[in-house]
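my_file25.cif (mmCIF, C-alpha atoms) appears below.
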```
data_coords
loop_
_atom_site.label_atom_id
_atom_site.label_comp_id
_atom_site.auth_asym_id
_atom_site.auth_seq_id
_atom_site.Cartn_x
_atom_site.Cartn_y
_atom_site.Cartn_z
CA MET W 791 35.57 33.64 -31.96
CA SER W 792 35.26 33.85 -28.20
CA ALA W 793 37.02 36.63 -26.39
CA GLN W 794 40.00 35.96 -24.15
CA PRO W 795 40.03 36.97 -20.50
CA GLY W 796 40.60 40.69 -20.13
CA GLU W 797 39.03 41.55 -23.52
CA SER W 798 35.65 43.04 -24.08
CA GLY W 799 33.34 40.50 -25.63
CA GLY W 800 29.89 42.05 -25.78
CA THR W 801 27.43 44.50 -24.32
CA ALA W 802 25.15 44.52 -21.36
CA SER W 803 22.23 43.71 -23.63
CA GLU W 804 23.79 40.30 -24.22
CA ALA W 805 23.67 39.46 -20.53
CA SER W 806 22.23 36.17 -19.33
CA PRO W 807 18.41 36.07 -18.98
CA LEU W 808 18.97 34.02 -15.84
CA LEU W 809 21.53 35.76 -13.63
CA PRO W 810 20.27 39.40 -13.72
CA ASN W 811 16.78 38.19 -12.84
CA ILE W 812 17.86 35.56 -10.38
CA LYS W 813 16.05 37.34 -7.52
CA SER W 814 12.79 36.29 -9.15
CA TYR W 815 13.53 32.64 -8.39
CA THR W 816 12.05 31.86 -5.01
CA SER W 817 14.17 28.78 -4.34
CA ILE W 818 17.07 26.73 -5.55
CA ARG W 819 14.58 24.20 -6.92
CA SER W 820 12.74 26.79 -9.05
CA LEU W 821 16.08 27.90 -10.49
CA GLN W 822 16.94 24.30 -11.18
CA GLU W 823 13.71 23.84 -13.12
CA ARG W 824 14.50 26.92 -15.22
CA LEU W 825 18.06 25.77 -15.90
CA SER W 826 16.93 22.27 -16.87
CA SER W 827 15.78 23.59 -20.25
CA GLU W 828 19.20 25.09 -21.07
CA PRO W 829 21.70 23.48 -23.50
CA PRO W 830 24.15 20.90 -22.09
CA SER W 831 27.01 23.40 -21.78
CA GLU W 832 24.89 25.80 -19.72
CA ARG W 833 23.62 22.99 -17.51
CA ALA W 834 27.12 21.73 -16.79
CA TYR W 835 28.30 25.25 -15.94
CA TYR W 836 25.64 25.65 -13.25
CA GLY W 837 26.27 22.25 -11.74
CA LEU W 838 23.51 20.33 -13.49
CA SER W 839 24.10 16.83 -14.77
CA PRO W 840 23.92 16.13 -18.52
CA PRO W 841 20.41 15.52 -19.93
CA SER W 842 21.13 11.79 -20.23
CA GLN W 843 21.40 11.59 -16.44
CA ALA W 844 18.97 12.33 -13.67
CA PRO W 845 18.51 16.09 -13.03
CA LEU W 846 20.90 16.25 -10.09
CA PHE W 847 21.46 19.81 -8.84
CA ARG W 848 24.64 20.86 -7.07
CA PRO W 849 23.98 24.12 -5.22
CA HIS W 850 27.59 24.50 -4.13
CA MET W 851 28.74 24.79 -7.77
CA LEU W 852 26.25 27.57 -8.46
CA GLN W 853 27.40 29.31 -5.26
CA ARG W 854 31.00 29.07 -6.42
CA HIS W 855 30.19 30.75 -9.74
CA ILE W 856 28.14 33.42 -7.99
CA SER W 857 30.97 34.16 -5.54
CA GLU W 858 33.52 34.39 -8.31
CA SER W 859 31.32 36.72 -10.36
CA SER W 860 30.43 39.00 -7.45
CA SER W 861 34.03 39.38 -6.28
CA LYS W 862 35.30 40.78 -9.57
CA SER W 863 35.53 44.52 -10.35
CA THR W 864 32.84 46.08 -12.48
CA ASP W 865 35.40 47.27 -15.07
CA VAL W 866 36.65 43.76 -15.76
CA SER W 867 35.16 41.85 -18.65
CA HIS W 868 33.94 38.29 -18.05
CA THR W 869 34.02 35.79 -20.82
CA GLY W 870 34.17 32.56 -18.87
CA HIS W 871 30.57 31.86 -19.81
CA PRO W 872 28.49 33.16 -22.74
CA HIS W 873 25.59 34.08 -20.44
CA LEU W 874 27.68 36.34 -18.17
CA PRO W 875 27.63 40.08 -18.94
CA GLN W 876 30.59 41.02 -21.08
CA SER W 877 30.78 44.57 -19.75
CA GLY W 878 29.06 46.75 -17.25
CA GLU W 879 28.04 46.11 -13.71
CA ILE W 880 27.84 42.55 -12.48
CA PRO W 881 24.55 42.13 -10.62
CA THR W 882 24.55 41.18 -6.98
CA ILE W 883 23.04 37.74 -6.56
CA PRO W 884 21.86 37.18 -2.97
CA ILE W 885 21.79 33.39 -3.05
CA ARG W 886 23.66 31.05 -0.78
CA ALA W 887 23.86 27.33 -1.13
CA PRO W 888 21.43 25.66 1.25
CA ASP W 889 22.77 23.73 4.17
CA MET W 890 23.04 20.12 3.06
CA ASP W 891 22.07 18.82 6.49
CA THR W 892 18.83 20.78 6.20
CA LEU W 893 18.21 19.32 2.75
CA SER W 894 18.79 15.81 4.03
CA ARG W 895 16.25 16.38 6.78
CA THR W 896 13.59 17.98 4.61
CA GLU W 897 13.93 16.01 1.39
CA SER W 898 14.93 12.47 2.25
CA THR W 899 14.93 10.01 -0.61
CA PRO W 900 13.42 6.55 -0.16
CA THR W 901 15.88 3.72 -0.74
CA LEU W 902 15.57 0.02 -1.32
CA THR W 903 16.58 -0.68 2.26
CA GLY W 904 14.45 1.88 4.06
CA ARG W 905 11.72 4.48 3.77
CA SER W 906 11.64 8.15 4.53
CA HIS W 907 8.33 7.79 6.30
CA SER W 908 6.68 5.02 8.18
CA GLU W 909 3.68 3.23 6.79
CA SER W 910 1.65 0.91 8.95
CA HIS W 911 0.14 -1.81 6.80
CA SER W 912 -0.32 -5.00 8.76
CA THR W 913 -1.26 -8.04 6.72
CA ASN W 914 -1.77 -10.11 9.87
CA HIS W 915 -4.25 -7.61 11.32
CA ASP W 916 -6.11 -7.45 8.01
CA ALA W 917 -6.43 -11.22 7.97
CA ILE W 918 -7.72 -11.29 11.55
CA ILE W 919 -10.30 -8.59 10.78
CA ARG W 920 -11.41 -10.57 7.74
CA ASP W 921 -11.85 -13.73 9.82
CA VAL W 922 -13.81 -11.84 12.49
CA ILE W 923 -16.12 -10.32 9.88
CA ILE W 924 -16.80 -13.65 8.19
CA GLY W 925 -17.33 -15.57 11.44
CA PHE W 926 -19.42 -12.95 13.23
CA SER W 927 -21.64 -12.15 10.24
CA ASP W 928 -22.35 -15.86 9.63
CA GLY W 929 -23.00 -16.35 13.34
CA LEU W 930 -25.51 -13.51 13.41
CA THR W 931 -27.46 -14.61 10.35
CA VAL W 932 -27.46 -18.43 10.29
CA PRO W 933 -28.35 -19.24 13.95
CA PHE W 934 -30.74 -16.26 14.04
CA ALA W 935 -32.52 -17.58 10.96
CA LEU W 936 -32.67 -21.07 12.46
CA THR W 937 -34.02 -19.94 15.84
CA ALA W 938 -36.56 -17.71 14.09
CA GLY W 939 -37.76 -20.66 12.07
CA LEU W 940 -37.95 -22.96 15.11
CA SER W 941 -39.86 -20.29 17.04
CA SER W 942 -42.78 -20.82 14.74
CA LEU W 943 -43.25 -24.20 16.42
CA GLY W 944 -43.89 -22.44 19.74
CA ASN W 945 -41.51 -24.56 21.83
CA THR W 946 -38.77 -22.59 23.60
CA ARG W 947 -36.84 -25.72 24.63
CA LEU W 948 -36.78 -26.90 21.04
CA VAL W 949 -35.46 -23.50 19.93
CA ILE W 950 -32.68 -23.61 22.53
CA MET W 951 -31.59 -27.18 21.80
CA GLY W 952 -31.74 -26.78 18.04
CA GLY W 953 -29.94 -23.40 18.25
CA LEU W 954 -27.15 -24.72 20.47
CA ALA W 955 -26.64 -27.78 18.27
CA GLU W 956 -26.31 -25.57 15.22
CA LEU W 957 -24.12 -23.10 17.09
CA PHE W 958 -21.51 -25.65 18.20
CA SER W 959 -21.49 -27.53 14.92
CA GLY W 960 -21.22 -24.26 12.99
CA MET W 961 -18.35 -23.05 15.19
CA ILE W 962 -16.41 -26.28 14.60
CA SER W 963 -17.17 -26.21 10.89
CA MET W 964 -16.10 -22.58 10.47
CA GLY W 965 -12.91 -23.10 12.46
CA LEU W 966 -12.01 -26.26 10.56
CA GLY W 967 -12.69 -24.59 7.23
CA ALA W 968 -10.51 -21.61 8.16
CA TYR W 969 -7.69 -23.93 9.26
CA LEU W 970 -7.79 -25.96 6.05
CA ALA W 971 -7.90 -22.83 3.91
CA ALA W 972 -4.87 -21.28 5.67
CA ALA W 973 -2.94 -24.57 5.60
CA SER W 974 -3.66 -25.00 1.88
CA GLU W 975 -2.50 -21.44 1.23
CA ARG W 976 0.79 -22.18 2.99
CA GLN W 977 1.30 -25.41 1.03
CA HIS W 978 0.57 -23.62 -2.23
CA TRP W 979 3.14 -20.95 -1.41
CA GLU W 980 5.80 -23.52 -0.55
CA ALA W 981 5.20 -25.39 -3.82
CA GLU W 982 5.46 -22.19 -5.89
CA HIS W 983 8.57 -21.11 -3.96
CA ALA W 984 10.28 -24.42 -4.72
CA ARG W 985 9.37 -24.09 -8.40
CA GLU W 986 10.74 -20.53 -8.62
CA SER W 987 13.94 -21.60 -6.86
CA TRP W 988 14.41 -24.39 -9.41
CA GLU W 989 13.83 -21.99 -12.31
CA VAL W 990 16.39 -19.52 -10.93
CA ASP W 991 18.97 -22.32 -10.78
CA HIS W 992 18.22 -23.93 -14.15
CA CYS W 993 16.66 -21.14 -16.27
CA PRO W 994 18.37 -17.91 -15.14
CA THR W 995 18.17 -16.26 -18.57
CA MET W 996 14.42 -16.73 -18.75
CA GLU W 997 13.99 -15.44 -15.20
CA ARG W 998 16.03 -12.33 -16.01
CA ALA W 999 13.81 -11.68 -19.03
CA GLU W 1000 10.76 -11.96 -16.78
CA ILE W 1001 12.22 -9.31 -14.45
CA TYR W 1002 12.59 -6.93 -17.39
CA ASP W 1003 8.95 -7.59 -18.30
CA ILE W 1004 7.82 -6.97 -14.72
CA LEU W 1005 9.68 -3.68 -14.47
CA ALA W 1006 8.45 -2.61 -17.91
CA ASP W 1007 4.88 -2.98 -16.65
CA TYR W 1008 5.72 -0.26 -14.11
CA GLY W 1009 7.09 2.04 -16.84
CA ILE W 1010 10.77 1.43 -16.02
CA SER W 1011 13.11 1.60 -19.01
CA LYS W 1012 15.49 -1.19 -19.94
CA GLU W 1013 18.48 1.02 -19.16
CA ALA W 1014 17.23 1.62 -15.62
CA SER W 1015 16.25 -2.03 -15.25
CA ASP W 1016 19.79 -3.17 -16.10
CA LEU W 1017 21.08 -2.03 -12.70
CA VAL W 1018 18.28 -3.81 -10.85
CA VAL W 1019 18.73 -7.04 -12.79
CA ARG W 1020 22.50 -6.96 -12.38
CA ASP W 1021 22.36 -6.54 -8.59
CA LEU W 1022 19.36 -8.78 -8.01
CA CYS W 1023 20.50 -11.73 -10.10
CA LYS W 1024 23.78 -12.40 -8.36
CA ARG W 1025 24.45 -15.94 -7.26
CA GLU W 1026 24.92 -14.92 -3.65
CA ASN W 1027 21.62 -13.06 -3.85
CA LYS W 1028 19.47 -16.06 -4.82
CA SER W 1029 17.03 -15.80 -1.89
CA ASP W 1030 16.21 -12.19 -2.76
CA TRP W 1031 15.90 -13.08 -6.43
CA VAL W 1032 13.38 -15.83 -5.65
CA ARG W 1033 11.51 -13.56 -3.22
CA PHE W 1034 11.27 -10.88 -5.91
CA MET W 1035 9.72 -13.34 -8.34
CA MET W 1036 7.27 -14.56 -5.70
CA ASP W 1037 6.21 -11.02 -4.80
CA PHE W 1038 6.05 -9.42 -8.24
CA GLU W 1039 5.55 -12.26 -10.75
CA LEU W 1040 3.24 -14.55 -8.80
CA ARG W 1041 2.08 -11.91 -6.28
CA LEU W 1042 2.21 -14.43 -3.45
CA SER W 1043 3.30 -13.16 -0.04
CA GLU W 1044 4.64 -15.70 2.42
CA PRO W 1045 1.90 -16.81 4.83
CA ASP W 1046 2.61 -16.89 8.54
CA VAL W 1047 3.46 -20.36 9.81
CA GLY W 1048 0.98 -20.10 12.70
CA ARG W 1049 -1.69 -18.40 10.61
CA ALA W 1050 -3.81 -21.56 10.24
CA TRP W 1051 -4.45 -21.97 13.97
CA ILE W 1052 -5.04 -18.26 14.51
CA SER W 1053 -7.53 -18.16 11.65
CA ALA W 1054 -9.35 -21.24 12.94
CA LEU W 1055 -9.72 -19.88 16.49
CA THR W 1056 -10.65 -16.38 15.34
CA MET W 1057 -13.33 -17.46 12.90
CA GLY W 1058 -14.74 -20.19 15.16
CA LEU W 1059 -15.04 -17.97 18.24
CA SER W 1060 -16.47 -15.10 16.18
CA TYR W 1061 -19.14 -17.41 14.83
CA PHE W 1062 -20.00 -18.64 18.33
CA VAL W 1063 -20.30 -15.13 19.79
CA GLY W 1064 -22.34 -13.89 16.84
CA GLY W 1065 -24.69 -16.87 16.97
CA LEU W 1066 -25.18 -16.73 20.74
CA ILE W 1067 -26.57 -13.18 20.71
CA PRO W 1068 -29.93 -14.00 19.02
CA MET W 1069 -30.42 -16.98 21.35
CA ILE W 1070 -30.04 -15.10 24.67
CA PRO W 1071 -33.75 -14.10 25.03
CA TYR W 1072 -34.91 -17.73 24.76
CA PHE W 1073 -33.05 -18.56 27.98
CA PHE W 1074 -35.17 -16.10 29.95
CA VAL W 1075 -38.66 -16.31 28.45
CA GLU W 1076 -41.01 -19.28 28.18
CA ASN W 1077 -43.02 -18.07 25.17
CA ALA W 1078 -41.14 -18.74 21.96
CA ILE W 1079 -42.97 -16.02 19.99
CA ARG W 1080 -42.16 -13.44 22.64
CA GLY W 1081 -38.57 -14.64 22.70
CA LEU W 1082 -38.50 -14.23 18.91
CA ALA W 1083 -39.68 -10.61 19.19
CA ILE W 1084 -36.98 -9.76 21.73
CA SER W 1085 -34.38 -11.66 19.70
CA CYS W 1086 -35.36 -9.72 16.59
CA ALA W 1087 -35.00 -6.38 18.38
CA ILE W 1088 -31.59 -7.27 19.78
CA THR W 1089 -30.36 -8.72 16.51
CA VAL W 1090 -31.49 -5.67 14.50
CA VAL W 1091 -29.41 -3.40 16.76
CA VAL W 1092 -26.40 -5.73 16.59
CA LEU W 1093 -26.67 -6.12 12.81
CA LEU W 1094 -26.75 -2.36 12.33
CA ALA W 1095 -23.80 -1.78 14.66
CA PHE W 1096 -21.77 -4.63 13.21
CA GLY W 1097 -22.53 -3.64 9.61
CA TYR W 1098 -21.44 -0.08 10.29
CA LEU W 1099 -18.25 -1.08 12.11
CA LYS W 1100 -17.10 -3.66 9.57
CA SER W 1101 -17.52 -1.23 6.67
CA TRP W 1102 -15.98 1.68 8.54
CA VAL W 1103 -12.94 -0.38 9.61
CA THR W 1104 -12.28 -1.60 6.07
CA ILE W 1105 -13.19 1.54 4.07
CA ARG W 1106 -12.95 4.32 6.69
CA THR W 1107 -15.87 6.48 5.53
CA LYS W 1108 -19.19 7.19 7.25
CA LYS W 1109 -21.07 6.68 4.00
CA ALA W 1110 -19.63 3.20 3.64
CA GLY W 1111 -20.45 2.49 7.29
CA LEU W 1112 -24.10 3.50 6.86
CA TRP W 1113 -24.45 1.45 3.71
CA GLY W 1114 -22.79 -1.53 5.41
CA ALA W 1115 -25.24 -1.27 8.32
CA VAL W 1116 -28.28 -1.24 6.02
CA GLU W 1117 -26.86 -4.03 3.85
CA THR W 1118 -26.13 -6.30 6.83
CA LEU W 1119 -29.60 -5.69 8.28
CA ILE W 1120 -31.33 -6.50 4.99
CA ILE W 1121 -29.37 -9.75 4.58
CA GLY W 1122 -30.07 -10.83 8.17
CA ALA W 1123 -33.77 -9.96 7.89
CA LEU W 1124 -34.14 -11.84 4.61
CA ALA W 1125 -32.39 -14.91 6.02
CA ALA W 1126 -34.54 -14.96 9.18
CA GLY W 1127 -37.77 -14.25 7.34
CA THR W 1128 -37.11 -16.95 4.75
CA SER W 1129 -36.25 -19.54 7.40
CA TYR W 1130 -39.32 -18.67 9.47
CA ALA W 1131 -41.60 -18.93 6.44
CA ILE W 1132 -40.15 -22.28 5.32
CA VAL W 1133 -40.45 -23.91 8.76
CA ARG W 1134 -43.90 -22.44 9.25
CA GLY W 1135 -44.99 -23.79 5.89
CA LEU W 1136 -43.58 -27.24 6.56
CA ASP W 1137 -45.29 -27.37 9.96
CA SER W 1138 -48.63 -26.35 8.47
CA GLY W 1139 -48.30 -28.95 5.75
CA GLY W 1140 -47.50 -31.67 8.24
CA SER W 1141 -50.43 -30.74 10.46
CA GLY W 1142 -52.81 -30.83 7.49
#
```
Would you mind writing the file out in structure tokens?
Amino acid sequence: MSAQPGESGGTASEASPLLPNIKSYTSIRSLQERLSSEPPSERAYYGLSPPSQAPLFRPHMLQRHISESSSKSTDVSHTGHPHLPQSGEIPTIPIRAPDMDTLSRTESTPTLTGRSHSESHSTNHDAIIRDVIIGFSDGLTVPFALTAGLSSLGNTRLVIMGGLAELFSGMISMGLGAYLAAASERQHWEAEHARESWEVDHCPTMERAEIYDILADYGISKEASDLVVRDLCKRENKSDWVRFMMDFELRLSEPDVGRAWISALTMGLSYFVGGLIPMIPYFFVENAIRGLAISCAITVVVLLAFGYLKSWVTIRTKKAGLWGAVETLIIGALAAGTSYAIVRGLDSGGSG
């Protein structure tokens, strides 16, 4: 039977293992972690939510109990809580509730509408970098391989004319291919968006079940998912519902409307610039073999620099940059060597 207020209910040896040693807890959070293992009645007394809820800590409730305990006389028994000393001196507990403004500044919680820190992930920039890499790398290897092969014929004018013809046709082809790819991606997204919108209107139960499955893949329980599904699947919230299904079920982000033209120009111009570099020496020398030697030296430097930069930009490590430089050089050298050998062999066969 529990003692009534004013009656002795125990000895100092029955004191709480938490309060007398509370100085050993370096922070409110460490005390919270210790209290989280206590029974439900103890947790509620110290301002902790029941175990079925999230471990929300209320420092002001602990401060209230501390203040009440410290203000009482040492000859008064305390039976308001089984972990408080029943007799003897009440220990001084030098803890004050932290300022809530400070907590809000130091431990901000991300929400669905905002983030506590900024993250700069730009899909548009990533797409532009991808187009530059594809166009420039193709421009360095294909026209360089062609001009190297034509150099075996010994005619500088032929190298220039054949190189320029390939350069312009390749630029148009790369730009057109990039435009068609981006336009097709946009059309595919629009078709899938229309299908998801129809399913939300006509098969809402099935779509809700799919949301539960999606959230379960991320380890979210059905109880926690209920709140998301309830708020997301409102009739006035249809656009967000459809967008959720596009992002998480189909994993299709909405392409930019002007992305097709940007991709075409970026890839086409990158191809032209990359292909023009190996051809520059042929405009200033009359001997095709000498022009090939200078072109090879320039292209080797450019391939190494470009291979390093493209890998460093995408992976951000020096090791990846060095490997990218070597890899790009090997591919360019193999392409040029193969082209030179094929043209040289065809020319020798025709002369024989």
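Ranking W:Leu1005, W:Ile923, W:Ile1052, W:Ile962 by their shortest atom-to-atom distance to Phe1096 (chain W), with all atoms listed in the file included, puts W:Ile923 first.
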Which of W:Leu957, W:Leu940, W:Val990, W:Ile1084 sits closest to Met1036 (chain W) [using only C-alpha atoms]: W:Val990
Point-to-point distance in Å for CA of Tyr969 (chain W) and CA of Ala981 (chain W): 18.4 Å
Answer as an MDAnalysis selection string, residues within 12 Å of (-36.6, -12.3, 22.1) using only C-alpha atoms: chainID W and resid 934 937:938 941 946 949:950 1067:1090
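The spacing separating CA of Arg947 (chain W) from CA of Val1133 (chain W) amounts to 16.4 Å.
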Result set, the PyMOL selection byres ((chain W and resi 1038-1046) around 12) on current file, as an MDAnalysis selection string: chainID W and resid 913:915 917 971:983 985:986 997:1005 1007:1008 1030:1037 1047:1053
Saved selection, atoms kept: C-alpha atoms, as an mmCIF file, keeping the file's coordinate frame:
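Listed below is the output, out.cif:
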```
data_model
loop_
_atom_site.group_PDB
_atom_site.id
_atom_site.type_symbol
_atom_site.label_atom_id
_atom_site.label_comp_id
_atom_site.auth_asym_id
_atom_site.auth_seq_id
_atom_site.Cartn_x
_atom_site.Cartn_y
_atom_site.Cartn_z
ATOM 1 C CA THR W 913 -1.260 -8.040 6.720
ATOM 2 C CA ASN W 914 -1.770 -10.110 9.870
ATOM 3 C CA HIS W 915 -4.250 -7.610 11.320
ATOM 4 C CA ALA W 917 -6.430 -11.220 7.970
ATOM 5 C CA ALA W 971 -7.900 -22.830 3.910
ATOM 6 C CA ALA W 972 -4.870 -21.280 5.670
ATOM 7 C CA ALA W 973 -2.940 -24.570 5.600
ATOM 8 C CA SER W 974 -3.660 -25.000 1.880
ATOM 9 C CA GLU W 975 -2.500 -21.440 1.230
ATOM 10 C CA ARG W 976 0.790 -22.180 2.990
ATOM 11 C CA GLN W 977 1.300 -25.410 1.030
ATOM 12 C CA HIS W 978 0.570 -23.620 -2.230
ATOM 13 C CA TRP W 979 3.140 -20.950 -1.410
ATOM 14 C CA GLU W 980 5.800 -23.520 -0.550
ATOM 15 C CA ALA W 981 5.200 -25.390 -3.820
ATOM 16 C CA GLU W 982 5.460 -22.190 -5.890
ATOM 17 C CA HIS W 983 8.570 -21.110 -3.960
ATOM 18 C CA ARG W 985 9.370 -24.090 -8.400
ATOM 19 C CA GLU W 986 10.740 -20.530 -8.620
ATOM 20 C CA GLU W 997 13.990 -15.440 -15.200
ATOM 21 C CA ARG W 998 16.030 -12.330 -16.010
ATOM 22 C CA ALA W 999 13.810 -11.680 -19.030
ATOM 23 C CA GLU W 1000 10.760 -11.960 -16.780
ATOM 24 C CA ILE W 1001 12.220 -9.310 -14.450
ATOM 25 C CA TYR W 1002 12.590 -6.930 -17.390
ATOM 26 C CA ASP W 1003 8.950 -7.590 -18.300
ATOM 27 C CA ILE W 1004 7.820 -6.970 -14.720
ATOM 28 C CA LEU W 1005 9.680 -3.680 -14.470
ATOM 29 C CA ASP W 1007 4.880 -2.980 -16.650
ATOM 30 C CA TYR W 1008 5.720 -0.260 -14.110
ATOM 31 C CA ASP W 1030 16.210 -12.190 -2.760
ATOM 32 C CA TRP W 1031 15.900 -13.080 -6.430
ATOM 33 C CA VAL W 1032 13.380 -15.830 -5.650
ATOM 34 C CA ARG W 1033 11.510 -13.560 -3.220
ATOM 35 C CA PHE W 1034 11.270 -10.880 -5.910
ATOM 36 C CA MET W 1035 9.720 -13.340 -8.340
ATOM 37 C CA MET W 1036 7.270 -14.560 -5.700
ATOM 38 C CA ASP W 1037 6.210 -11.020 -4.800
ATOM 39 C CA VAL W 1047 3.460 -20.360 9.810
ATOM 40 C CA GLY W 1048 0.980 -20.100 12.700
ATOM 41 C CA ARG W 1049 -1.690 -18.400 10.610
ATOM 42 C CA ALA W 1050 -3.810 -21.560 10.240
ATOM 43 C CA TRP W 1051 -4.450 -21.970 13.970
ATOM 44 C CA ILE W 1052 -5.040 -18.260 14.510
ATOM 45 C CA SER W 1053 -7.530 -18.160 11.650
#
```
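One finds CA of Leu1094 (chain W) at 16.0 Å from CA of Val922 (chain W).
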Selected residue, from W:Gly944, W:Gly1058, W:Gly965, W:Gly1114, that lies nearest to Phe926 (chain W) when counting only C-alpha atoms: W:Gly1058
Ref. answer, residues at most 10 Å from (-15.7, -20.0, 13.7) with all atoms listed in the file, as number ranges by chain: W: 921-922, 924-926, 928-929, 957-969, 1053-1064
W:Ile1132, W:Val1092, W:Val932, W:Val1018 ranked by distance to Val1116 (chain W), top pick (using only C-alpha atoms): W:Val1092
Going by the chain IDs and residue numbers used in this file, which residues fall under the PyMOL selection byres ((chain W and resi 1124-1131) around 7)? Write them as a short mmCIF file (atom, residue, chain, number, x, y, z; two decimals) with C-alpha atoms, keeping the file's coordinate frame.
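result.cif, written as the output of this step:
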```
data_model
loop_
_atom_site.label_atom_id
_atom_site.label_comp_id
_atom_site.auth_asym_id
_atom_site.auth_seq_id
_atom_site.Cartn_x
_atom_site.Cartn_y
_atom_site.Cartn_z
CA THR W 931 -27.46 -14.61 10.35
CA PHE W 934 -30.74 -16.26 14.04
CA ALA W 935 -32.52 -17.58 10.96
CA LEU W 936 -32.67 -21.07 12.46
CA ALA W 938 -36.56 -17.71 14.09
CA GLY W 939 -37.76 -20.66 12.07
CA SER W 942 -42.78 -20.82 14.74
CA ILE W 1120 -31.33 -6.50 4.99
CA ILE W 1121 -29.37 -9.75 4.58
CA GLY W 1122 -30.07 -10.83 8.17
CA ALA W 1123 -33.77 -9.96 7.89
CA ILE W 1132 -40.15 -22.28 5.32
CA VAL W 1133 -40.45 -23.91 8.76
CA ARG W 1134 -43.90 -22.44 9.25
CA GLY W 1135 -44.99 -23.79 5.89
#
```
Around all the atoms of region 1054-1059 of chain W listed in the file, with 5 Å of room on each side, what axis-aligned box do you get, giving centre and edge lengths in Å to one decimal, as JSON?
```
{"center_x": -12.2, "center_y": -18.8, "center_z": 15.6, "size_x": 15.7, "size_y": 14.9, "size_z": 15.3}
```
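Proximity to Glu1026 (chain W) was assessed for W:Glu1117, W:Asp991, W:Glu1013, W:Lys1108 counting all atoms listed in the file; the smallest distance is recorded for W:Asp991.
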Distance criterion (only C-alpha atoms): nearest to Ser1101 (chain W) out of W:Arg1025, W:Lys1012, W:Arg1020, W:Arg920: W:Arg920
